[in-house]
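Since the structure comes first, as structure tokens, the remarks are kept for the end.
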Amino acid sequence: MRRVGTSLLTVFGIVVVVFFIVRVLPGDAAAVRAGPYANQEMIDRIADKYGLNDPIHVQFADYVGGVAKGDLGVSIRTSQGVTGELLDRLPASLELAAYAVVLATVVGVSLGILAAARLGTWVDHLARVFAVIGSSMALFWLGLLLTFFFAFQLGWFPGPVGRLPIGSEDPRTFTGFYTIDGFLSGRPEIALEAFRYLALPVITLAFVLAAPILKMVRSAMIEALDSDFVRTAKAVGVPRRQILFVDGFRNALIPVTTTIGIVFGFMLGGNILVEFLFSWPGIGRYAFDAITTRDLEALQGFVVLVGVMYVALNMVIDIAYALIDPRIRIGSGTAK
Amino acid sequence: MTGEGIADPGELPPARFVVDRVHVTEEKSRTRRALSFMRSNPLFSIGLGLLIAFVGMAIIGPFLVGDPLLTNPAGMFSPPSADHWFGTDEYGRDVFARSVNAARLDLSIGLAIALVAMTIGSTIGVVSGYFGGRTDEIIMRLTDILLAFPGFVLALIIVAALAESLLNVVMAVAAAYVPYFIRLTRAQALVEREKEYVDAARLAGNRPLRVAFRHVMPNSLGPALVSATLVTGWAVLTVAGLAFLSVGIQPPTAEWGVMVGEGAGDIITGEWWTSLFPGGMIVLAVMAFHFIGDDLTESRT
């Protein structure tokens, strides 16, 4: 319960910080909205309509009241509710993020275990070099290279035009994931097509995300394999494979869960670059459009949504710890 | 972690580790130690080599290559050749000259960001860890809030909020990394403040702030300094990423992210060199810092 309290406090803090950072954005939002041919009177009318002339504390109170009810305001660019627009785009981002994190976890965990098991050998060195390259990689450049080779040169994957071919019909919405909805709506060809469009952005993201997971698995495994209980297990003749996966990996689970949480959190906001590059119709792309058009409410809504999801995610992870490891109690000050 | 104080027996690492270290450190001189560290940490050596190459490029490179902004309408989009090692872009500008000039800009920005973030973050971190109590509670709450924003998003909205200038880019990206340094230094200060040299300093009559900054801070900087190499790399990536989205540094500045952004459209028509080379420079430069940082972190644990 205390954990929920601190989370709410953090969310409130996020709203405060975002509100004040965004308020100092240069440029007159009302003038942008009114268009190049508007006179001062029209600009004033629009400013009034969106409450832009109210004192800052009134604007703030209005905003916080709205957020509490799940209302993130109205986009000045599209005149639509920001909450609705973000929720429309969220499944596209989540589908991309989910596949990328799963792929990164599979690659990161298996290479991390391999490296720890073969500590100091060339396998280990190779894994470490891979991790450093991954954490040094410029996402946008990697995505560009992959697109050049695999889409334009070899033609194995489609170009960067979004989730499905231009002009094609979306599947009926069940989960918002095209790869699942395609099957559910009885049109598996859409699902397969969706996979082809996901491939390059997912590989781009996973390449970068696998690095921290690999590093964490490796060091946590080294620590676990160096412990007394593993030495005992070896001494009494427990098979090596069993030591590696049962004793080693299970004890490495906690730091690994944390890292995957951090990686997922990074994904929530870090996908702006990849969504921009692949014309992916998700929340990152929405935020980018909001910045270039000085759409305050939309930008603010995006950051609040990302912050809230991140805080919720961390809360879930803390609770997951208690399930994985009975020694951890939530709220007694041991978590974090 | 060579604290000057008398180590608390509870803090000592397992015996095997201590024997290794004592053996190495007592027998050899400083240079010999550095060389043996490099031999046993090849990644560090690769990183150092790369870094020296990049620093050299940043310092003397711009004097050796042509004008990065010189356009040549007759020679646009010429592929890499002996005359233009990295080819030319849509305005006929030499991609090699631009990439080399960008090294100076990108490296200085990266270093400046890491330095600013470390200075501010460690100062707050030491105060938080050493004084504890209310101060610590409030600082950690604020840090949690800032950490709830992915660094890239935080930098993005701050750069967008401030007027676009180089200084603002540095400040915005540095702000995104400050919480990271607060955490690191605070954790170390918590360990240090329990040590006996701190008690000694306090009993000798030093005022609390003096104890915190003259005694605890220098001994708490270790983790932050090691991480500063990693942060420098990430800062270069962040700045280039922002520039790629045309936020922060703008064309026609010779900057790696700007160049990749400008070249992104060219790959559709087959001109891969305008984005491949500057992007490759980003990754190599960041790798230099990360190879160094990774081996340093590895050898500390």
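Residues are referred to by chain and number: the chain letter is A, B, ... according to the order shown in the structure tokens, the number counts from 1 in that chain, and ligands are numbered separately from 1 in the order shown.
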Residues of chain B were defined as contacting chain A if any atom lay at most 8 Å from it, counting only C-alpha atoms; please report them as an MDAnalysis selection string. chainID B and resid 43 141:142 144:146 148:150 152:153 157:158 160:163 233:234 237 241 244:245 260 264 267:268 272 275:276 279 282:284 286:287 290:291 294
Among region 112-294 of chain A, which residues carry a DSSP assignment of helix (DSSP H, G or I), reported as an NGL selection string? :A and (112-117 or 122-136 or 139-153 or 178-184 or 188-225 or 228-235 or 240-270 or 272-277 or 283-292)
CA of Pro42 (chain B) and CA of Leu119 (chain A) are how many Å apart?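 Computing it gives 15.0 Å between the two atoms.
Reported to one decimal place, the separation of CA of Gly261 (chain B) from CA of Leu146 (chain A) is 15.4 Å.
Taking CA of Ala320 (chain A) as the reference point, CA of Phe264 (chain A) is found at 15.2 Å.
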Might you pull out every residue within 10 Å of Gly108 (chain A), with only C-alpha atoms counted and same-chain residues fewer than 5 positions away left off, and present them as JSON, numbers by chain? {"A": [101, 102, 103, 113, 114, 127, 131, 206, 207, 209, 210, 211, 212, 213, 214, 215, 216, 217, 218, 256]}
Could you write those residues out with C-alpha atoms, as a compact mmCIF listing (two decimals), in the first residue's frame?
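Generated file (selection.txt):
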# COMPACT_ATOMS: atom_id res chain seq x y z
CA VAL A 101 11.88 -6.62 -25.65
CA VAL A 102 11.10 -10.33 -26.10
CA LEU A 103 13.72 -10.72 -28.82
CA ILE A 113 24.50 -17.29 -19.58
CA LEU A 114 26.88 -18.55 -22.25
CA ALA A 127 29.71 -11.54 -25.98
CA ALA A 131 27.31 -5.82 -25.65
CA ALA A 206 16.42 -5.43 -30.02
CA PHE A 207 20.04 -5.03 -31.09
CA LEU A 209 18.21 -3.45 -25.95
CA ALA A 210 19.98 -6.83 -25.77
CA ALA A 211 23.20 -5.16 -24.60
CA PRO A 212 22.21 -4.13 -21.04
CA ILE A 213 20.36 -7.42 -20.53
CA LEU A 214 23.41 -9.41 -21.62
CA LYS A 215 25.70 -7.42 -19.31
CA MET A 216 23.39 -7.84 -16.33
CA VAL A 217 22.80 -11.57 -16.87
CA ARG A 218 26.52 -12.15 -17.24
CA VAL A 256 17.69 -9.44 -14.69
Pick out the closest residue to Met57 (chain B) from this set: B:Ile292, B:Ala285, B:Val247, B:Ile120. Count only C-alpha atoms.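 So, comparing all the options, the nearest one is B:Ala285.
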Tell me, as a list in words, which residues lie within 9 Å of Gly110 (chain B), counting only C-alpha atoms; anything in the same chain fewer than 5 positions away does not count.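 So the residues in contact are Leu105, Leu115, Val170, Val231, Thr232, Gly233, Trp234, Ala235, Val236, Leu237 and Val239 of chain B.
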Mind dumping the selected residues with N, CA and C atoms as an mmCIF file, in the first residue's frame?
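Output saved as part.cif:
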data_model
loop_
_atom_site.group_PDB
_atom_site.id
_atom_site.type_symbol
_atom_site.label_atom_id
_atom_site.label_comp_id
_atom_site.auth_asym_id
_atom_site.auth_seq_id
_atom_site.Cartn_x
_atom_site.Cartn_y
_atom_site.Cartn_z
ATOM 1 N N LEU B 105 33.175 19.064 -32.787
ATOM 2 C CA LEU B 105 31.930 19.525 -32.169
ATOM 3 C C LEU B 105 31.319 18.445 -31.269
ATOM 4 N N LEU B 115 30.718 16.369 -18.030
ATOM 5 C CA LEU B 115 31.348 17.166 -16.981
ATOM 6 C C LEU B 115 30.309 17.935 -16.168
ATOM 7 N N VAL B 170 23.521 21.407 -24.470
ATOM 8 C CA VAL B 170 24.392 20.850 -23.431
ATOM 9 C C VAL B 170 23.648 20.789 -22.101
ATOM 10 N N VAL B 231 28.810 7.877 -19.794
ATOM 11 C CA VAL B 231 27.864 8.964 -20.040
ATOM 12 C C VAL B 231 28.322 9.829 -21.219
ATOM 13 N N THR B 232 29.632 10.055 -21.328
ATOM 14 C CA THR B 232 30.122 10.825 -22.477
ATOM 15 C C THR B 232 29.657 10.177 -23.771
ATOM 16 N N GLY B 233 29.784 8.850 -23.839
ATOM 17 C CA GLY B 233 29.320 8.135 -25.024
ATOM 18 C C GLY B 233 27.835 8.320 -25.245
ATOM 19 N N TRP B 234 27.051 8.122 -24.181
ATOM 20 C CA TRP B 234 25.589 8.258 -24.327
ATOM 21 C C TRP B 234 25.201 9.674 -24.713
ATOM 22 N N ALA B 235 25.967 10.649 -24.167
ATOM 23 C CA ALA B 235 25.653 12.046 -24.473
ATOM 24 C C ALA B 235 25.843 12.310 -25.960
ATOM 25 N N VAL B 236 26.922 11.769 -26.522
ATOM 26 C CA VAL B 236 27.148 11.931 -27.970
ATOM 27 C C VAL B 236 25.975 11.321 -28.738
ATOM 28 N N LEU B 237 25.548 10.123 -28.306
ATOM 29 C CA LEU B 237 24.412 9.453 -28.963
ATOM 30 C C LEU B 237 23.141 10.288 -28.860
ATOM 31 N N VAL B 239 22.774 13.591 -28.288
ATOM 32 C CA VAL B 239 22.853 14.827 -29.064
ATOM 33 C C VAL B 239 22.654 14.524 -30.549
#
Could you pull the residues within 6 Å of region 188-197 of chain B, counting only C-alpha atoms, minus those fewer than 2 positions along the same chain, as a PyMOL selection string? chain B and resi 5+126+129-130+185-186+199-200+220
Residues of the last selection are to be written out with C-alpha atoms, as a CSV table (one decimal), in the first residue's frame.
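Once written, result_0.csv looks like this:
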chain,number,residue,atom,x,y,z
B,5,GLY,CA,40.7,5.5,5.6
B,126,VAL,CA,27.3,13.8,-1.6
B,129,GLY,CA,24.3,10.7,1.1
B,130,TYR,CA,26.4,12.4,3.8
B,185,THR,CA,27.6,9.4,-5.7
B,186,ARG,CA,25.0,9.1,-2.9
B,199,ASP,CA,34.9,10.6,12.2
B,200,ALA,CA,38.4,11.8,12.6
B,220,SER,CA,32.9,9.1,-3.2
Just want the 7 Å neighbourhood of Ala102 (chain B), counted on only C-alpha atoms, with same-chain residues fewer than 3 positions away dropped. Output as a PyMOL selection string. chain B and resi 98-99+105-106+254-256
Check the smallest atom-to-atom distance from each of A:Tyr99, A:Asp48, A:Gly282, A:Ala117 to Arg240 (chain A) using only C-alpha atoms, then report the winner.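 Closest residue, counting only C-alpha atoms: A:Ala117.
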Got a sec: who's within 10 Å of Thr173 (chain A), counting only C-alpha atoms, leaving out chain neighbours fewer than 3 positions off, as a PyMOL selection string? chain A and resi 170+176-178+180-182+184-185
Create the file for the chosen residues now, containing C-alpha atoms and written as a PDB file, in the first residue's frame.
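Now in part22.pdb:
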ATOM      1  CA  ASP A 170      -6.569  -2.740 -40.915  1.00  0.00           C
ATOM      2  CA  GLY A 176      -4.642  -3.768 -31.080  1.00  0.00           C
ATOM      3  CA  PHE A 177      -1.733  -6.045 -32.040  1.00  0.00           C
ATOM      4  CA  TYR A 178      -2.025  -6.621 -35.797  1.00  0.00           C
ATOM      5  CA  ILE A 180      -2.744 -11.256 -33.219  1.00  0.00           C
ATOM      6  CA  ASP A 181      -5.827  -9.470 -34.551  1.00  0.00           C
ATOM      7  CA  GLY A 182      -5.091 -10.786 -38.044  1.00  0.00           C
ATOM      8  CA  LEU A 184      -8.511 -13.527 -34.574  1.00  0.00           C
ATOM      9  CA  SER A 185     -10.410 -11.836 -37.366  1.00  0.00           C
TER      10      SER A 185
END
